[in-house]
Amino acid sequence: MVPEPVLVHELLNKAAQLHPDRQAIWDGGAWYTYGQIEQWSNQVAGWLCDCGVQRGDRVAILLVNSKDYVAAYMGILKAGAIVVPINIAVTADGLANQLEHVQAKGLITQRRFLKVVNRALQATKAPAVIGLLEAEALAGLEDQGGRHAAAIQAVYEAQPHGQIDRRCIDLDLAMIVYTSGSTGRPKGVMLSHLNLMSNTRSIVSYLGLTQEDRVLAILPFYYIYGNSLVLTHMAVGGSVVIENRFAFPQVVLETMRATGVTGIAGVPSTFMIMLDQSEFCNCRFESLRYATQAGGHMPVAIQQRVAAAIAPAKLYVMYGTTETSPRLTYLDPADLTRKAGSVGRAIPNVEVAILDDQGRPAPANQMGEVVARGSNVMVGYWQDPDGTAAVLRGGWYHTGDIGWMDEEGYLYLLGRAQDMAKVGGHRVSVLEVEDALVQIPGVRQAAVIAVDDGTLGQALEAYVAADIKVTGPAESIRQRLGQILPRFKIPRNIYICKSLPMDPSGKVLKSALQAVPTA
């Protein structure tokens with residue numbers, strides 16, 4: 001009998017033992033089995049151990065979504081080390097800083113990132129071990145400074161592939177995930193095996209995942225939401241369909257049909273792009289069972305369009321943070337209309353509450369800070385005791401998000417503290433204004449920020465990606481907005497732009513809005 005997994009990499013071990021020939025990963029038009037991924041991950045683990053990687057060492061991954069990413073991820077964990085996933089949009093300075101910050105022992109990357117890697121390695125002595133996917137790419141690795149370098153392809157071909165028996169417990173760290181830095185300098189979120197396994201079990205439970213499920217992965221695996229797709233489907237012996245061509249939404253639809261995906265996961269911009277730049281609304285996917293949305297606020301109007309487009313499949317609206325591995329709440333699809341605008345109730349084995357300014361539990365319908373506790377909550381921030389103490393206090397993880405709960409325990413978010421503006425004495429949620437903007441025909445996407453104002457204290461500015469064929473589109477939008485919102489919630493300035501700036505995971509970069517070219 002195969003023992004129940006306790007550690008993250010044991011999810012792969014179990015699936016490979018029970019179903020070695022089952023399809024695990026679809027990548028580049030081909031299927032790869034659990035047996036193959038298991039073998040490659042064992043070889044990566046053995047190679048890392050041979051290179052001196054010890055339990056608790058940090059090994060970074062800078063790869064695009066691929067079968068090799070999954071093999072590297074699981075191999076690092078099997079070696080007893082900690083995975084440090086790197087955003088593929090990282091700069092050389094950013095990579096050097098992260099490698100230095102965690103004192104990375106290893107880095108697994110590929111040829112397309114060599115320019116960034118070479119520049120980063122000039123600024124840090126870390127890491128000591130480098131793995132490049134392609135053998136021919138080794139020649140492009142500049143001054144190695146005494147580092148050991150190898151081709152992962154060669155590791156697959158020559159390294160023994162037996163199990164590595166390096167003892168770990170579920171309190172050991174599995175990942176250090178750098179946040180996007182939306183609230184300041186990126187922090188290294190320390191997630192244990194227990195954190196990830198607890199959240200994985202909860203997600204599997206409320207989505208009702210089985211070995212028949214296969215999810216479309218267009219979210220990057222370095223992003224905690226993307227990472228959860230791999231873990232949850234591996235937990236049930238399901239499949240992950242990797243599609244890295246989201247720049248061509250119609251191609252994504254063809255992949256969905258060809259592979260028979262049962263699930264799709266995305267952030268708000270994912271679905272907005274599919275709705276507006278493909279035939280998503282006119283397609284029928286016979287196998288599709290569900291769609292999940294997290295990673296930011298999706299206006300109710302967009303939720304309704306997505307739900308209609310995928311019907312009879314169900315839409316799950318979810319909420320969470322990197323610090324919670326990542327899921328905290330979900331809205332049952334049956335409540336999508338009845339509880340419009342809510343992100344649902346706490347997932348299994350998680351408690352969510354609202355605290356007022358004095359740290360006391362707030363009554364129903366009163367605004368306060370969203371806090372949570374559960375075995376999915378992070379260990380803390382890497383080498384940042386002050387930052388850790390600021391958010392892990394009083395037995396709760398303080399999210400920094402503002403919201404309220406109704407009498408039935410459904411959570412409604414108003415945004416982060418910086419998303420609450422004080423306009424002429426009125427408290428305004430910029431998310432409410434964004435919701436109203438996307439209700440206007442022709443508005444594809446909207447982002448609202450608060451700026452200082454000498455008279456009102458703060459004023460609102462809106463950046464709108466729109467296809468409005470009228471003279472004076474900003475004024476047209478302002479007039480329509482006046483039919484939806486009170487005067488004090490209407491932005492002082494409305495800027496029309498072709499598109500909004502987004503990071504690689506699809507989140508709007510509000511810090512870059514004021515540099516966007518506008519009409």
# chains A, B, ... in the order shown; residues from 1 in each chain; ligands from 1
$ residues_around --residues "A:Ala126" --least-positions-apart "2" --cutoff "9 Å" --atoms "only C-alpha atoms" --output "short mmCIF file (atom, residue, chain, number, x, y, z; two decimals) with N, CA and C atoms, in the first residue's frame"
data_model
loop_
_atom_site.label_atom_id
_atom_site.label_comp_id
_atom_site.auth_asym_id
_atom_site.auth_seq_id
_atom_site.Cartn_x
_atom_site.Cartn_y
_atom_site.Cartn_z
N ALA A 96 20.26 38.85 -9.12
CA ALA A 96 21.43 38.86 -8.23
C ALA A 96 21.00 39.10 -6.79
N LEU A 99 19.23 35.87 -5.43
CA LEU A 99 20.20 34.79 -5.20
C LEU A 99 21.05 35.08 -3.97
N GLU A 100 21.43 36.34 -3.83
CA GLU A 100 22.25 36.74 -2.68
C GLU A 100 21.44 36.71 -1.40
N VAL A 102 18.88 34.87 -0.49
CA VAL A 102 18.63 33.52 0.04
C VAL A 102 19.90 32.69 0.12
N GLN A 103 21.02 33.29 -0.33
CA GLN A 103 22.28 32.55 -0.41
C GLN A 103 22.07 31.21 -1.12
N ALA A 104 21.58 31.32 -2.35
CA ALA A 104 21.22 30.14 -3.14
C ALA A 104 22.44 29.25 -3.37
N LYS A 105 22.22 27.96 -3.16
CA LYS A 105 23.28 26.99 -3.43
C LYS A 105 23.26 26.58 -4.90
N GLY A 106 22.08 26.63 -5.52
CA GLY A 106 21.97 26.22 -6.90
C GLY A 106 21.00 27.09 -7.69
N LEU A 107 21.11 27.01 -9.02
CA LEU A 107 20.20 27.69 -9.94
C LEU A 107 19.99 26.78 -11.14
N LEU A 121 25.40 36.85 -12.24
CA LEU A 121 26.49 36.09 -11.61
C LEU A 121 27.74 36.94 -11.37
N ALA A 123 27.59 39.78 -10.07
CA ALA A 123 27.32 40.61 -8.89
C ALA A 123 27.17 39.79 -7.61
N THR A 124 27.25 38.46 -7.70
CA THR A 124 27.07 37.64 -6.51
C THR A 124 27.92 36.38 -6.60
N ALA A 128 26.59 28.13 -6.15
CA ALA A 128 27.77 27.32 -6.44
C ALA A 128 27.50 26.31 -7.54
N VAL A 129 26.23 26.01 -7.77
CA VAL A 129 25.84 24.98 -8.74
C VAL A 129 24.85 25.57 -9.74
N ARG A 147 32.21 27.91 -10.24
CA ARG A 147 30.93 27.22 -10.05
C ARG A 147 30.90 25.91 -10.85
#
$ select_by_dssp --residues "stretch 330-453 of chain A" --states "alpha helix (DSSP H)" --output "MDAnalysis selection string"
chainID A and resid 385:391 430:437
$ write_last_selection --atoms "C-alpha atoms" --output "mmCIF file, in the first residue's frame"
data_model
loop_
_atom_site.group_PDB
_atom_site.id
_atom_site.type_symbol
_atom_site.label_atom_id
_atom_site.label_comp_id
_atom_site.auth_asym_id
_atom_site.auth_seq_id
_atom_site.Cartn_x
_atom_site.Cartn_y
_atom_site.Cartn_z
ATOM 1 C CA PRO A 385 11.833 39.236 11.624
ATOM 2 C CA ASP A 386 10.344 42.744 11.764
ATOM 3 C CA GLY A 387 8.281 42.188 8.630
ATOM 4 C CA THR A 388 7.144 38.831 9.979
ATOM 5 C CA ALA A 389 6.155 40.282 13.344
ATOM 6 C CA ALA A 390 4.166 43.019 11.614
ATOM 7 C CA VAL A 391 1.807 40.531 9.939
ATOM 8 C CA VAL A 430 -11.302 52.284 -5.871
ATOM 9 C CA LEU A 431 -12.487 48.734 -6.612
ATOM 10 C CA GLU A 432 -16.092 49.955 -6.583
ATOM 11 C CA VAL A 433 -15.227 52.628 -9.138
ATOM 12 C CA GLU A 434 -13.390 50.083 -11.305
ATOM 13 C CA ASP A 435 -16.455 47.821 -11.149
ATOM 14 C CA ALA A 436 -18.654 50.674 -12.348
ATOM 15 C CA LEU A 437 -16.304 51.571 -15.203
#
$ select_by_dssp --residues "stretch 159-303 of chain A" --states "strand (DSSP E)" --output "compact mmCIF listing (two decimals) with C-alpha atoms, in the first residue's frame"
# COMPACT_ATOMS: atom_id res chain seq x y z
CA LEU A 173 10.57 24.75 4.29
CA ALA A 174 9.53 23.74 0.79
CA MET A 175 9.55 27.14 -0.95
CA ILE A 176 10.63 30.73 -0.59
CA VAL A 177 8.34 32.72 -2.89
CA TYR A 178 9.04 36.37 -3.55
CA GLY A 188 10.67 36.13 0.55
CA VAL A 189 7.61 34.22 1.80
CA MET A 190 8.65 31.03 3.59
CA LEU A 191 6.22 28.17 2.94
CA SER A 192 6.62 24.79 4.59
CA ARG A 214 -6.88 18.07 -16.36
CA VAL A 215 -6.28 21.78 -15.93
CA LEU A 216 -5.07 24.32 -18.46
CA ALA A 217 -1.97 26.04 -17.03
CA SER A 239 -3.09 16.14 -15.55
CA VAL A 240 -1.68 19.60 -16.26
CA VAL A 241 -1.85 21.06 -19.77
CA ILE A 242 0.87 23.69 -20.23
CA GLY A 263 -10.57 23.13 -15.76
CA ILE A 264 -9.07 26.53 -16.49
CA ALA A 265 -7.52 28.93 -14.01
CA GLY A 266 -6.84 32.62 -14.43
CA TYR A 290 -14.96 24.46 -13.91
CA ALA A 291 -13.02 27.70 -14.08
CA THR A 292 -11.26 29.32 -11.12
CA GLN A 293 -10.41 32.99 -10.71
$ residues_around --residues "stretch 472-484 of chain A" --least-positions-apart "3" --cutoff "12 Å" --atoms "only C-alpha atoms" --output "number ranges by chain"
A: 432-443, 446, 461-469, 487-497, 518-519
$ atom_distance --atom1 "atom CA of A:Met405" --atom2 "atom CA of A:Thr200"
25.0 Å
$ residues_around --residues "A:Arg257" --least-positions-apart "4" --cutoff "8 Å" --atoms "only C-alpha atoms" --output "short mmCIF file (atom, residue, chain, number, x, y, z; two decimals) with C-alpha atoms, in the first residue's frame"
data_model
loop_
_atom_site.label_atom_id
_atom_site.label_comp_id
_atom_site.auth_asym_id
_atom_site.auth_seq_id
_atom_site.Cartn_x
_atom_site.Cartn_y
_atom_site.Cartn_z
CA LEU A 253 -8.86 27.74 -27.18
CA VAL A 261 -9.27 20.14 -20.33
CA PHE A 285 -15.95 22.89 -24.48
#
$ closest_residue --among "A:Gly208, A:Gly237, A:Gly415, A:Pro348" --to "A:Ala16" --atoms "only C-alpha atoms"
A:Gly237
$ closest_residue --among "A:Pro326, A:Ala45, A:Ala81, A:Glu351" --to "A:Gly226" --atoms "only C-alpha atoms"
A:Pro326
$ closest_atom_pairs --of "stretch 383-482 of chain A" --to "stretch 336-347 of chain A" --cutoff "7 Å" --atoms "only C-alpha atoms" --output "CSV"
residue,atom,partner,partner_atom,distance
A:Gly409,CA,A:Arg345,CA,6.1
A:Tyr410,CA,A:Gly344,CA,5.0
A:Leu411,CA,A:Gly344,CA,5.5
A:Tyr412,CA,A:Ser342,CA,4.6
$ closest_residue --among "A:Lys498, A:Ala450, A:Ile88, A:Thr232" --to "A:Arg201" --atoms "only C-alpha atoms"
A:Thr232
$ residues_around --residues "A:Pro20" --least-positions-apart "2" --cutoff "7 Å" --atoms "only C-alpha atoms" --output "list in words"
Ala16, Gln17, Leu18, Arg22, Thr33, Tyr34 and Gly35 of chain A
$ write_last_selection --atoms "N, CA and C atoms" --output "PDB file, in the first residue's frame"
ATOM      1  N   ALA A  16       3.223   8.310  -9.255  1.00  0.00           N
ATOM      2  CA  ALA A  16       4.074   7.504 -10.139  1.00  0.00           C
ATOM      3  C   ALA A  16       4.036   6.025  -9.755  1.00  0.00           C
ATOM      4  N   GLN A  17       3.930   5.744  -8.463  1.00  0.00           N
ATOM      5  CA  GLN A  17       3.844   4.344  -8.041  1.00  0.00           C
ATOM      6  C   GLN A  17       2.514   3.711  -8.445  1.00  0.00           C
ATOM      7  N   LEU A  18       1.434   4.487  -8.299  1.00  0.00           N
ATOM      8  CA  LEU A  18       0.109   3.943  -8.607  1.00  0.00           C
ATOM      9  C   LEU A  18      -0.187   3.943 -10.098  1.00  0.00           C
ATOM     10  N   ARG A  22       0.253   6.982 -16.563  1.00  0.00           N
ATOM     11  CA  ARG A  22      -0.815   7.967 -16.730  1.00  0.00           C
ATOM     12  C   ARG A  22      -0.230   9.304 -17.191  1.00  0.00           C
ATOM     13  N   THR A  33       4.436  11.174 -18.926  1.00  0.00           N
ATOM     14  CA  THR A  33       3.765  10.391 -17.890  1.00  0.00           C
ATOM     15  C   THR A  33       4.320  10.679 -16.503  1.00  0.00           C
ATOM     16  N   TYR A  34       3.576  10.201 -15.502  1.00  0.00           N
ATOM     17  CA  TYR A  34       4.049  10.328 -14.127  1.00  0.00           C
ATOM     18  C   TYR A  34       5.365   9.584 -13.937  1.00  0.00           C
ATOM     19  N   GLY A  35       5.499   8.445 -14.607  1.00  0.00           N
ATOM     20  CA  GLY A  35       6.745   7.691 -14.498  1.00  0.00           C
ATOM     21  C   GLY A  35       7.933   8.464 -15.016  1.00  0.00           C
TER      22      GLY A  35
END
$ closest_atom_pairs --of "stretch 209-318 of chain A" --to "stretch 49-66 of chain A" --cutoff "8 Å" --atoms "only C-alpha atoms" --output "JSON lines"
{"residue": "A:Pro220", "atom": "CA", "partner": "A:Asn65", "partner_atom": "CA", "distance": 6.1}
{"residue": "A:Phe221", "atom": "CA", "partner": "A:Asn65", "partner_atom": "CA", "distance": 6.0}
{"residue": "A:Ile242", "atom": "CA", "partner": "A:Asn65", "partner_atom": "CA", "distance": 6.8}
{"residue": "A:Asn244", "atom": "CA", "partner": "A:Asn65", "partner_atom": "CA", "distance": 7.1}
$ write_last_selection --atoms "N, CA and C atoms" --output "PDB file, in the first residue's frame"
ATOM      1  N   PRO A 220       1.940  31.337 -14.749  1.00  0.00           N
ATOM      2  CA  PRO A 220       3.313  30.858 -14.541  1.00  0.00           C
ATOM      3  C   PRO A 220       3.457  30.065 -13.242  1.00  0.00           C
ATOM      4  N   PHE A 221       4.292  29.047 -13.281  1.00  0.00           N
ATOM      5  CA  PHE A 221       4.478  28.196 -12.105  1.00  0.00           C
ATOM      6  C   PHE A 221       5.246  28.896 -10.987  1.00  0.00           C
ATOM      7  N   ILE A 242       0.094  22.442 -20.206  1.00  0.00           N
ATOM      8  CA  ILE A 242       0.869  23.687 -20.227  1.00  0.00           C
ATOM      9  C   ILE A 242       0.673  24.383 -21.567  1.00  0.00           C
ATOM     10  N   ASN A 244       1.927  28.001 -23.148  1.00  0.00           N
ATOM     11  CA  ASN A 244       2.716  29.220 -22.967  1.00  0.00           C
ATOM     12  C   ASN A 244       2.465  30.257 -24.058  1.00  0.00           C
TER      13      ASN A 244
END
$ closest_residue --among "A:Gln358, A:Gln43, A:Gln383, A:Gln277" --to "A:Lys187" --atoms "only C-alpha atoms"
A:Gln383
